[in-house]
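Coordinates from target-v7.txt are shown below (compact mmCIF, C-alpha atoms).
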```txt
# COMPACT_ATOMS: atom_id res chain seq x y z
CA MET A 1 72.06 60.81 -37.24
CA ILE A 2 73.57 61.73 -40.58
CA VAL A 3 74.03 65.48 -41.15
CA TYR A 4 75.44 66.43 -44.56
CA LEU A 5 77.02 69.89 -44.69
CA ASP A 6 77.54 71.89 -47.86
CA GLN A 7 81.07 73.25 -48.23
CA CYS A 8 80.13 76.79 -47.17
CA HIS A 9 79.05 75.44 -43.77
CA TRP A 10 82.28 73.48 -43.39
CA VAL A 11 84.01 76.84 -43.81
CA THR A 12 81.98 78.13 -40.84
CA MET A 13 82.88 75.02 -38.83
CA ALA A 14 86.59 75.60 -39.57
CA ARG A 15 86.40 79.30 -38.70
CA ALA A 16 84.74 78.46 -35.40
CA ARG A 17 87.99 76.66 -34.56
CA VAL A 18 90.69 78.95 -35.98
CA ALA A 19 89.21 82.32 -37.03
CA ARG A 20 86.13 83.00 -34.94
CA HIS A 21 86.12 86.71 -35.81
CA LYS A 22 85.40 85.81 -39.44
CA VAL A 23 81.99 84.30 -38.59
CA GLN A 24 79.86 87.41 -39.02
CA VAL A 25 76.61 86.05 -37.56
CA ALA A 26 76.76 85.34 -33.83
CA GLU A 27 74.02 82.70 -34.02
CA GLU A 28 75.99 80.79 -36.65
CA LEU A 29 79.11 80.79 -34.48
CA GLN A 30 77.12 79.48 -31.52
CA ALA A 31 75.52 76.83 -33.72
CA ALA A 32 78.91 75.76 -35.08
CA ASP A 33 80.22 75.34 -31.52
CA ALA A 34 77.16 73.28 -30.59
CA LEU A 35 77.53 71.09 -33.69
CA TRP A 36 81.19 70.47 -32.86
CA ASP A 37 80.08 69.34 -29.40
CA LYS A 38 77.48 66.97 -30.86
CA ALA A 39 79.95 65.53 -33.37
CA GLU A 40 82.63 64.97 -30.73
CA ALA A 41 80.07 63.31 -28.45
CA GLY A 42 79.07 60.94 -31.27
CA LEU A 43 75.50 62.28 -31.42
CA VAL A 44 75.76 63.16 -35.12
CA ASN A 45 77.88 61.96 -38.03
CA LEU A 46 79.20 64.55 -40.49
CA PRO A 47 80.04 62.56 -43.65
CA LEU A 48 82.30 63.80 -46.41
CA SER A 49 82.03 63.35 -50.16
CA SER A 50 84.23 63.73 -53.22
CA ALA A 51 82.61 67.16 -53.72
CA HIS A 52 84.15 68.27 -50.41
CA LEU A 53 87.50 66.96 -51.57
CA VAL A 54 87.42 68.83 -54.88
CA GLU A 55 86.11 72.05 -53.35
CA THR A 56 88.78 71.99 -50.64
CA VAL A 57 91.43 71.84 -53.36
CA HIS A 58 90.03 75.13 -54.69
CA ALA A 59 89.66 76.75 -51.26
CA GLY A 60 92.01 79.70 -51.76
CA THR A 61 95.27 80.13 -49.88
CA LYS A 62 97.35 77.25 -48.58
CA GLU A 63 96.58 78.21 -44.96
CA ARG A 64 92.85 78.41 -45.63
CA ARG A 65 92.87 74.98 -47.32
CA ARG A 66 94.84 73.50 -44.44
CA HIS A 67 92.43 74.85 -41.83
CA LEU A 68 89.40 73.68 -43.80
CA ALA A 69 90.84 70.22 -44.38
CA GLN A 70 91.80 69.85 -40.73
CA ALA A 71 88.31 70.82 -39.57
CA MET A 72 86.82 68.14 -41.82
CA LEU A 73 89.31 65.57 -40.55
CA ASP A 74 88.67 66.52 -36.91
CA ALA A 75 84.95 65.84 -37.36
CA TYR A 76 85.52 62.91 -39.68
CA GLY A 77 84.50 59.57 -38.24
CA GLY A 78 85.22 57.62 -41.41
CA TRP A 79 81.77 58.36 -42.85
CA HIS A 80 81.30 59.19 -46.52
CA MET A 81 78.47 59.64 -48.96
CA VAL A 82 78.60 57.19 -51.85
CA ASN A 83 79.30 59.00 -55.11
CA PRO A 84 76.04 60.22 -56.71
CA LEU A 85 76.96 58.49 -59.99
CA VAL A 86 76.89 55.16 -58.14
CA VAL A 87 73.67 56.06 -56.32
CA ARG A 88 71.82 57.05 -59.49
CA SER A 89 72.92 53.83 -61.20
CA HIS A 90 71.41 51.81 -58.33
CA GLU A 91 68.25 53.93 -58.28
CA LEU A 92 67.67 53.31 -61.98
CA ASN A 93 68.39 49.62 -61.58
CA THR A 94 65.83 49.42 -58.77
CA ALA A 95 63.25 51.40 -60.75
CA LEU A 96 63.57 48.88 -63.58
CA GLY A 97 63.05 45.94 -61.24
CA GLY A 98 66.67 45.10 -60.52
CA GLY A 99 66.69 44.95 -56.73
CA ARG A 100 65.53 46.57 -53.51
CA ALA A 101 65.50 50.30 -52.98
CA LEU A 102 68.52 51.94 -51.38
CA GLN A 103 68.39 52.96 -47.74
CA GLY A 104 70.29 55.71 -45.96
CA ALA A 105 72.72 53.15 -44.52
CA ASP A 106 73.65 52.12 -48.08
CA VAL A 107 74.44 55.66 -49.21
CA PHE A 108 76.20 56.88 -46.05
CA THR A 109 78.88 54.37 -45.19
CA ARG A 110 82.37 53.83 -43.88
CA ALA A 111 83.30 51.58 -46.80
CA ALA A 112 86.67 52.38 -48.34
CA GLY A 113 86.47 54.10 -51.72
CA SER A 114 82.82 55.04 -51.38
CA PRO A 115 83.22 58.72 -52.39
CA PHE A 116 84.38 57.81 -55.90
CA PHE A 117 82.45 56.71 -58.97
CA THR A 118 84.53 53.54 -59.36
CA TYR A 119 83.19 52.26 -56.02
CA GLU A 120 81.10 49.08 -56.15
CA MET A 121 78.38 49.55 -53.58
CA VAL A 122 78.19 47.05 -50.73
CA ARG A 123 74.74 47.27 -49.18
CA ALA A 124 74.59 47.72 -45.44
CA ASP A 125 72.77 44.44 -44.86
CA ALA A 126 75.42 42.54 -46.82
CA GLN A 127 78.42 43.82 -44.85
CA ASP A 128 80.09 41.32 -42.53
CA PRO A 129 80.68 42.95 -39.10
CA HIS A 130 83.29 40.27 -38.34
CA ASP A 131 85.31 40.83 -41.53
CA ARG A 132 88.93 40.84 -40.33
CA GLN A 133 90.10 42.64 -43.44
CA ARG A 134 87.88 45.60 -42.69
CA VAL A 135 90.13 47.01 -39.93
CA PRO A 136 93.31 47.34 -42.06
CA ASP A 137 91.23 48.49 -45.05
CA ASP A 138 89.67 51.20 -42.90
CA ALA A 139 93.03 52.35 -41.53
CA ILE A 140 94.59 52.50 -44.99
CA TRP A 141 91.61 54.33 -46.42
CA ARG A 142 91.56 56.93 -43.66
CA THR A 143 95.24 57.63 -44.32
CA VAL A 144 94.62 57.97 -48.06
CA TRP A 145 91.64 60.26 -47.50
CA ARG A 146 93.68 62.43 -45.13
CA GLU A 147 96.44 62.81 -47.71
CA LEU A 148 93.97 63.60 -50.50
CA LEU A 149 92.19 66.22 -48.43
CA HIS A 150 95.48 67.87 -47.48
CA ASP A 151 96.83 67.79 -51.04
CA GLU A 152 97.40 71.29 -52.39
CA THR A 153 96.09 70.80 -55.90
CA LEU A 154 95.09 68.35 -58.60
CA PRO A 155 97.22 67.81 -61.73
CA ALA A 156 96.67 70.57 -64.31
CA ALA A 157 95.58 68.11 -67.02
CA GLU A 158 92.99 66.60 -64.69
CA LEU A 159 91.68 70.04 -63.70
CA ASP A 160 91.37 71.08 -67.37
CA ALA A 161 89.58 67.89 -68.39
CA THR A 162 87.16 68.13 -65.48
CA ALA A 163 86.46 71.81 -66.16
CA SER A 164 85.70 71.05 -69.82
CA VAL A 165 83.14 68.33 -68.97
CA ILE A 166 81.42 70.42 -66.31
CA SER A 167 81.32 73.48 -68.55
CA GLY A 168 79.66 71.41 -71.26
CA TRP A 169 77.03 70.15 -68.82
CA ALA A 170 76.24 73.66 -67.59
CA GLY A 171 76.12 74.93 -71.18
CA VAL A 172 73.44 72.39 -72.18
CA HIS A 173 71.21 73.47 -69.32
CA ASP A 174 71.83 77.17 -69.89
CA ARG A 175 71.05 76.94 -73.62
CA LEU A 176 67.83 75.07 -72.91
CA ALA A 177 66.79 77.72 -70.37
CA GLN A 178 67.47 80.48 -72.88
CA TYR A 179 65.59 78.64 -75.63
CA LEU A 180 62.56 78.26 -73.39
CA GLN A 181 62.69 81.95 -72.60
CA GLU A 182 63.01 83.00 -76.24
CA ASN A 183 60.39 80.57 -77.52
CA PRO A 184 57.42 80.75 -75.13
CA ALA A 185 54.77 78.08 -75.61
CA ALA A 186 52.29 75.99 -73.68
CA ARG A 187 54.59 73.24 -72.40
CA ASP A 188 54.65 70.70 -69.62
CA LEU A 189 57.94 71.92 -68.20
CA ARG A 190 58.37 68.90 -65.93
CA LEU A 191 58.13 66.71 -69.01
CA VAL A 192 60.78 68.86 -70.71
CA THR A 193 62.95 68.44 -67.63
CA ALA A 194 62.44 64.67 -67.62
CA ALA A 195 63.39 64.52 -71.31
CA LEU A 196 66.58 66.44 -70.52
CA MET A 197 67.37 63.92 -67.78
CA ILE A 198 66.79 60.99 -70.14
CA SER A 199 69.32 62.52 -72.53
CA ASP A 200 71.81 62.93 -69.69
CA LEU A 201 71.21 59.42 -68.33
CA ARG A 202 70.90 57.39 -71.52
CA LEU A 203 74.01 55.29 -70.82
CA ASP A 204 72.95 54.69 -67.20
CA LEU A 205 69.46 53.71 -68.35
CA ALA A 206 70.85 51.26 -70.90
CA GLN A 207 73.13 49.69 -68.30
CA ALA A 208 70.29 49.48 -65.76
CA ALA A 209 68.00 47.84 -68.32
CA HIS A 210 70.70 45.29 -69.10
CA SER A 211 71.30 44.61 -65.40
CA ALA A 212 67.56 44.25 -64.74
CA GLN A 213 67.22 42.06 -67.84
CA ILE A 214 64.37 44.03 -69.38
CA SER A 215 63.91 44.56 -73.11
CA GLN A 216 64.30 47.78 -75.04
CA GLU A 217 60.55 47.69 -75.66
CA ARG A 218 59.80 47.47 -71.95
CA LEU A 219 62.22 50.31 -71.21
CA SER A 220 60.56 52.46 -73.85
CA MET A 221 57.15 51.81 -72.28
CA LEU A 222 58.42 53.01 -68.90
CA LEU A 223 59.82 56.18 -70.42
CA GLN A 224 56.71 57.35 -72.26
CA PRO A 225 55.60 61.00 -71.83
CA GLU A 226 52.71 59.97 -69.58
CA THR A 227 54.95 57.95 -67.22
CA ILE A 228 58.43 59.45 -67.22
CA VAL A 229 57.82 62.23 -64.68
CA GLY A 230 56.42 59.71 -62.18
CA PHE A 231 59.32 57.37 -62.95
CA PHE A 232 61.88 59.94 -61.81
CA SER A 233 59.75 61.40 -59.00
CA SER A 234 59.63 58.03 -57.24
CA LEU A 235 63.44 58.01 -56.82
CA PRO A 236 64.90 59.80 -53.76
CA PHE A 237 67.96 61.26 -55.50
CA LEU A 238 66.83 61.64 -59.11
CA GLY A 239 63.44 62.93 -58.00
CA GLY A 240 65.26 65.78 -56.28
CA VAL A 241 67.28 66.48 -59.42
CA LEU A 242 64.04 66.59 -61.42
CA GLU A 243 62.36 69.07 -59.08
CA VAL A 244 65.36 71.39 -58.69
CA THR A 245 66.06 71.42 -62.44
CA HIS A 246 62.39 72.04 -63.20
CA ALA A 247 62.27 74.97 -60.77
CA ARG A 248 65.37 76.50 -62.30
CA LEU A 249 64.15 76.13 -65.88
CA ARG A 250 60.99 78.00 -64.90
CA ASN A 251 63.14 81.03 -64.06
CA PRO A 252 64.62 82.47 -67.29
CA ALA A 253 66.96 84.76 -65.33
CA ASP A 254 68.63 81.81 -63.59
CA ARG A 255 71.91 81.19 -65.43
CA TRP A 256 73.66 77.83 -65.12
CA VAL A 257 77.32 77.85 -64.09
CA THR A 258 79.93 75.17 -63.41
CA ASN A 259 79.41 75.16 -59.62
CA ASP A 260 75.82 74.04 -60.20
CA LEU A 261 76.91 70.48 -60.98
CA ASN A 262 78.14 69.78 -57.45
CA ASP A 263 75.38 71.80 -55.81
CA LEU A 264 72.65 69.96 -57.70
CA HIS A 265 73.87 66.39 -57.63
CA PHE A 266 75.61 66.07 -54.28
CA LEU A 267 73.03 68.04 -52.32
CA ALA A 268 70.08 66.32 -54.04
CA CYS A 269 71.67 62.94 -53.35
CA ALA A 270 72.23 63.82 -49.70
CA ALA A 271 68.66 65.16 -49.45
CA GLY A 272 67.34 61.79 -50.59
CA TYR A 273 69.14 59.70 -47.96
CA ALA A 274 70.53 61.74 -45.04
CA ASP A 275 68.61 62.72 -41.92
CA TYR A 276 69.52 66.40 -42.27
CA VAL A 277 71.15 68.50 -44.99
CA VAL A 278 72.51 72.01 -44.51
CA ALA A 279 72.76 73.44 -48.02
CA GLU A 280 73.86 76.73 -49.50
CA LYS A 281 70.98 79.22 -49.66
CA LYS A 282 69.86 78.90 -53.29
CA THR A 283 69.93 75.12 -53.60
CA GLY A 284 68.61 74.79 -50.05
CA HIS A 285 65.53 76.81 -50.96
CA LEU A 286 64.97 74.66 -54.06
CA LEU A 287 65.44 71.41 -52.12
CA GLN A 288 62.96 72.53 -49.48
CA ALA A 289 60.40 73.01 -52.25
CA ALA A 290 61.36 69.64 -53.76
CA THR A 291 60.78 67.93 -50.42
CA ARG A 292 57.20 69.19 -50.42
CA ALA A 293 56.62 68.05 -54.01
CA LEU A 294 58.08 64.52 -53.88
CA PRO A 295 56.40 61.40 -52.47
CA THR A 296 59.47 59.73 -50.96
CA PRO A 297 60.69 60.44 -47.40
CA ARG A 298 63.54 62.91 -47.46
CA ALA A 299 66.05 64.71 -45.27
CA ARG A 300 65.10 67.84 -43.37
CA ILE A 301 66.68 70.71 -45.29
CA HIS A 302 68.25 73.73 -43.65
CA ARG A 303 70.09 76.74 -45.05
CA ASN A 304 72.14 77.66 -42.00
CA LEU A 305 73.61 75.97 -38.95
CA HIS A 306 71.42 77.89 -36.52
CA SER A 307 68.26 76.47 -38.09
CA LEU A 308 69.75 72.95 -37.99
CA LEU A 309 70.63 73.20 -34.29
CA LYS A 310 67.12 74.41 -33.43
CA ASP A 311 65.75 71.38 -35.24
CA LEU A 312 68.17 68.99 -33.55
CA GLY A 313 67.33 70.53 -30.19
CA SER A 314 63.62 70.09 -30.71
CA GLY A 315 63.97 66.30 -30.64
CA SER A 316 61.74 66.09 -33.74
CA ARG A 317 63.75 63.23 -35.26
CA SER A 318 65.23 60.35 -33.34
```
I need this file expressed as structure tokens, please.
Amino acid sequence: MIVYLDQCHWVTMARARVARHKVQVAEELQAADALWDKAEAGLVNLPLSSAHLVETVHAGTKERRRHLAQAMLDAYGGWHMVNPLVVRSHELNTALGGGRALQGADVFTRAAGSPFFTYEMVRADAQDPHDRQRVPDDAIWRTVWRELLHDETLPAAELDATASVISGWAGVHDRLAQYLQENPAARDLRLVTAALMISDLRLDLAQAAHSAQISQERLSMLLQPETIVGFFSSLPFLGGVLEVTHARLRNPADRWVTNDLNDLHFLACAAGYADYVVAEKKTGHLLQAATRALPTPRARIHRNLHSLLKDLGSGSRS
């Protein structure tokens, strides 16, 4: 079973190993111990993503980063989540008639390079189990991932460029939320949300249309006001983005900040394809609501480790 943990729960997993007194809730400490046991017994896989890598870089003191990175590596079985940028590209391509829908085994994989947006997805059913090159590739990749996770920081220029892009993304959403608050009207807010997503995804949509060999006219027909909400809702990852963004735009007091980019996209992607997701409280609540609203099968969402372990212990999902 694939269990995707938000960074805050990886912190709990690390503290259960090296600083047990810092886990304030006894039930969470017990659940972390039980999850370690399940991971070490091979009963669950705890995949990592590039979001975990970036957030570990910003995890405070050198000792804290080292403990957090080591906990991830101790539980790491070579499993990663494919970068959400790659997943959304494939979802759009599928929605436009360009191939079969993604499965969980496509998105959670041991393929080298899968956490990064330059990765070219290799579907699970196309992988050769007898590929002799896979063993050295896997060994090299694990070494690279270990070094990246233990690295103390990213180059300053790279950090500044990334911060600028993310700040711009958050600013667009925050300004729209404030406009909606200051200019009340009878609106279909899901349609507004879908229009915002079209603006954000216009390059991806154009590339997907080209890959699927459909005309601009056909693409425009699919993205009409009466169809666009259903278009996004049918997609496991982007449907989650639609629902979470819609819920947040309904709340004028909900300000958008830079951390929202990772929380929204990585957790919504995981929620579309994992078996279980343990999210931070705010996004977890929104994803639980999204699960009820969307037609596609989705992960079971939890907001703490104790809740996850109760669910795993119930035997409700095999």
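Ranking A:Phe237, A:Asn259, A:Val107, A:Leu48 by their shortest atom-to-atom distance to A:Ile166, with all atoms listed in the file included, puts A:Asn259 first.
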Item to check | Surrounding residues of A:His9 excluding itself and chain neighbours under 4 positions, 8 Å, all atoms listed in the file, as JSON, numbers by chain | outcome: {"A": [5, 13, 278, 279, 280, 304, 305]}
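Minimum atom-to-atom distance to A:Trp36, evaluated using only C-alpha atoms, belongs to A:Thr12 out of A:Thr12, A:Ser199, A:Gln224, A:Ser89.
Counting all atoms listed in the file and comparing A:Leu222, A:Val192, A:Ala163, A:Val86, the residue that lies closest to A:Leu176 is A:Val192.
Omitting A:Gly97 and its sequence neighbours fewer than 4 positions away, and counting only C-alpha atoms, the residues within 9 Å are Leu92, Asn93, Ala209, Ala212, Gln213 and Ile214 of chain A.
Counting only C-alpha atoms, A:Met1 has the following residues at most 7 Å away, ignoring those fewer than 6 positions along the same chain: Leu43, Val44, Asn45 and Asp275 of chain A.
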Item to check | Coordinates-based distance that separates atom CA of A:Leu203 from atom CA of A:Glu158 (Å, one decimal) | outcome: 22.9 Å
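Among the candidates A:His285, A:His58, A:His265, A:His302, the one nearest to A:Asn83 when counting all atoms listed in the file is A:His265.
The gap separating atom CA of A:Asp6 from atom CA of A:Tyr76 is 14.5 Å, in Å to one decimal.
Note that the spacing between atom CA of A:Arg298 and atom CA of A:Tyr273 amounts to 6.5 Å.
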Next on the checklist: List as JSON, numbers by chain the protein and nucleic acid residues near stretch 246-250 of chain A, meaning an atom at most 9 Å away when all atoms listed in the file are counted, but skip any in the same chain fewer than 4 places from it.
Outcome noted: {"A": [173, 174, 176, 177, 178, 180, 181, 189, 190, 191, 192, 193, 194, 241, 242, 254, 255, 256, 286, 289, 290]}
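Closest approach to A:Ala19 among A:Val87, A:Ala71, A:Ala111, A:Ala105: A:Ala71, based on all atoms listed in the file.
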Checklist entry - So which residues touch stretch 233-236 of chain A within 10 Å, counting all atoms listed in the file, skipping near sequence neighbours fewer than 6 positions away, as a list of chain:residue names? => result A:Val87, A:Arg88, A:Glu91, A:Leu92, A:Thr94, A:Ala95, A:Ala101, A:Leu102, A:Gln103, A:Ala194, A:Leu242, A:Glu243, A:Ala268, A:Cys269, A:Ala270, A:Ala271, A:Gly272, A:Tyr273, A:Ala290, A:Thr291, A:Ala293, A:Leu294, A:Pro295, A:Thr296, A:Pro297, A:Arg298, A:Ala299
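In this comparison, which uses all atoms listed in the file, the residue of A:Pro84, A:Arg123, A:Val229, A:Met221 approaching A:Arg100 most closely is A:Arg123.
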Regenerate stretch 248-259 of chain A at the level of all heavy atoms and dump it as an mmCIF file, in the frame of the given file.
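Produced file selection16.cif, reproduced below:
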```cif
data_model
loop_
_atom_site.group_PDB
_atom_site.id
_atom_site.type_symbol
_atom_site.label_atom_id
_atom_site.label_comp_id
_atom_site.auth_asym_id
_atom_site.auth_seq_id
_atom_site.Cartn_x
_atom_site.Cartn_y
_atom_site.Cartn_z
ATOM 1 N N ARG A 248 64.412 75.569 -61.718
ATOM 2 C CA ARG A 248 65.370 76.500 -62.300
ATOM 3 C C ARG A 248 65.034 76.832 -63.749
ATOM 4 O O ARG A 248 65.223 77.961 -64.197
ATOM 5 C CB ARG A 248 66.787 75.934 -62.183
ATOM 6 C CG ARG A 248 67.263 75.826 -60.734
ATOM 7 C CD ARG A 248 68.751 75.626 -60.666
ATOM 8 N NE ARG A 248 69.450 76.732 -61.327
ATOM 9 C CZ ARG A 248 70.758 76.794 -61.464
ATOM 10 N NH1 ARG A 248 71.522 75.808 -60.984
ATOM 11 N NH2 ARG A 248 71.331 77.813 -62.067
ATOM 12 N N LEU A 249 64.529 75.856 -64.491
ATOM 13 C CA LEU A 249 64.150 76.130 -65.880
ATOM 14 C C LEU A 249 62.936 77.050 -65.970
ATOM 15 O O LEU A 249 62.729 77.718 -66.988
ATOM 16 C CB LEU A 249 63.867 74.816 -66.620
ATOM 17 C CG LEU A 249 65.084 73.920 -66.886
ATOM 18 C CD1 LEU A 249 64.653 72.615 -67.546
ATOM 19 C CD2 LEU A 249 66.112 74.632 -67.769
ATOM 20 N N ARG A 250 62.142 77.091 -64.927
ATOM 21 C CA ARG A 250 60.990 78.000 -64.900
ATOM 22 C C ARG A 250 61.420 79.452 -64.758
ATOM 23 O O ARG A 250 60.639 80.361 -65.030
ATOM 24 C CB ARG A 250 60.063 77.644 -63.740
ATOM 25 C CG ARG A 250 59.319 76.330 -63.910
ATOM 26 C CD ARG A 250 58.492 76.026 -62.676
ATOM 27 N NE ARG A 250 57.510 77.077 -62.398
ATOM 28 C CZ ARG A 250 56.826 77.167 -61.267
ATOM 29 N NH1 ARG A 250 57.022 76.275 -60.305
ATOM 30 N NH2 ARG A 250 55.952 78.132 -61.098
ATOM 31 N N ASN A 251 62.638 79.670 -64.299
ATOM 32 C CA ASN A 251 63.140 81.030 -64.060
ATOM 33 C C ASN A 251 64.134 81.404 -65.151
ATOM 34 O O ASN A 251 65.298 81.002 -65.101
ATOM 35 C CB ASN A 251 63.816 81.090 -62.688
ATOM 36 C CG ASN A 251 64.357 82.476 -62.374
ATOM 37 O OD1 ASN A 251 64.161 83.431 -63.139
ATOM 38 N ND2 ASN A 251 65.045 82.593 -61.254
ATOM 39 N N PRO A 252 63.733 82.170 -66.157
ATOM 40 C CA PRO A 252 64.620 82.470 -67.290
ATOM 41 C C PRO A 252 65.849 83.284 -66.898
ATOM 42 O O PRO A 252 66.832 83.305 -67.637
ATOM 43 C CB PRO A 252 63.714 83.259 -68.242
ATOM 44 C CG PRO A 252 62.621 83.799 -67.389
ATOM 45 C CD PRO A 252 62.405 82.779 -66.318
ATOM 46 N N ALA A 253 65.810 83.951 -65.745
ATOM 47 C CA ALA A 253 66.960 84.760 -65.330
ATOM 48 C C ALA A 253 68.019 83.931 -64.598
ATOM 49 O O ALA A 253 69.085 84.441 -64.261
ATOM 50 C CB ALA A 253 66.486 85.900 -64.424
ATOM 51 N N ASP A 254 67.732 82.674 -64.354
ATOM 52 C CA ASP A 254 68.630 81.810 -63.590
ATOM 53 C C ASP A 254 69.650 81.176 -64.527
ATOM 54 O O ASP A 254 69.352 80.212 -65.236
ATOM 55 C CB ASP A 254 67.809 80.737 -62.870
ATOM 56 C CG ASP A 254 68.624 79.969 -61.837
ATOM 57 O OD1 ASP A 254 69.834 80.229 -61.728
ATOM 58 O OD2 ASP A 254 68.037 79.123 -61.143
ATOM 59 N N ARG A 255 70.857 81.706 -64.541
ATOM 60 C CA ARG A 255 71.910 81.190 -65.430
ATOM 61 C C ARG A 255 72.622 80.017 -64.781
ATOM 62 O O ARG A 255 72.863 79.997 -63.580
ATOM 63 C CB ARG A 255 72.934 82.295 -65.756
ATOM 64 C CG ARG A 255 72.355 83.529 -66.419
ATOM 65 C CD ARG A 255 71.635 83.195 -67.718
ATOM 66 N NE ARG A 255 72.496 82.547 -68.676
ATOM 67 C CZ ARG A 255 73.208 83.210 -69.603
ATOM 68 N NH1 ARG A 255 73.160 84.540 -69.672
ATOM 69 N NH2 ARG A 255 73.952 82.557 -70.476
ATOM 70 N N TRP A 256 72.967 79.022 -65.598
ATOM 71 C CA TRP A 256 73.660 77.830 -65.120
ATOM 72 C C TRP A 256 75.163 78.038 -65.208
ATOM 73 O O TRP A 256 75.684 78.473 -66.237
ATOM 74 C CB TRP A 256 73.254 76.619 -65.950
ATOM 75 C CG TRP A 256 71.834 76.212 -65.730
ATOM 76 C CD1 TRP A 256 70.721 76.830 -66.239
ATOM 77 C CD2 TRP A 256 71.359 75.114 -64.951
ATOM 78 N NE1 TRP A 256 69.587 76.181 -65.817
ATOM 79 C CE2 TRP A 256 69.947 75.122 -65.028
ATOM 80 C CE3 TRP A 256 71.981 74.121 -64.196
ATOM 81 C CZ2 TRP A 256 69.157 74.171 -64.376
ATOM 82 C CZ3 TRP A 256 71.202 73.177 -63.555
ATOM 83 C CH2 TRP A 256 69.813 73.205 -63.646
ATOM 84 N N VAL A 257 75.866 77.705 -64.133
ATOM 85 C CA VAL A 257 77.320 77.850 -64.090
ATOM 86 C C VAL A 257 77.933 76.530 -63.623
ATOM 87 O O VAL A 257 77.225 75.604 -63.202
ATOM 88 C CB VAL A 257 77.738 79.001 -63.138
ATOM 89 C CG1 VAL A 257 77.204 80.338 -63.654
ATOM 90 C CG2 VAL A 257 77.242 78.758 -61.715
ATOM 91 N N THR A 258 79.260 76.452 -63.678
ATOM 92 C CA THR A 258 79.930 75.170 -63.410
ATOM 93 C C THR A 258 79.716 74.685 -61.975
ATOM 94 O O THR A 258 79.626 73.480 -61.734
ATOM 95 C CB THR A 258 81.438 75.287 -63.684
ATOM 96 O OG1 THR A 258 81.975 76.382 -62.934
ATOM 97 C CG2 THR A 258 81.695 75.534 -65.166
ATOM 98 N N ASN A 259 79.614 75.587 -61.009
ATOM 99 C CA ASN A 259 79.410 75.160 -59.620
ATOM 100 C C ASN A 259 78.078 74.451 -59.415
ATOM 101 O O ASN A 259 77.894 73.739 -58.419
ATOM 102 C CB ASN A 259 79.466 76.376 -58.680
ATOM 103 C CG ASN A 259 80.868 76.920 -58.534
ATOM 104 O OD1 ASN A 259 81.835 76.255 -58.878
ATOM 105 N ND2 ASN A 259 80.979 78.133 -58.028
#
```
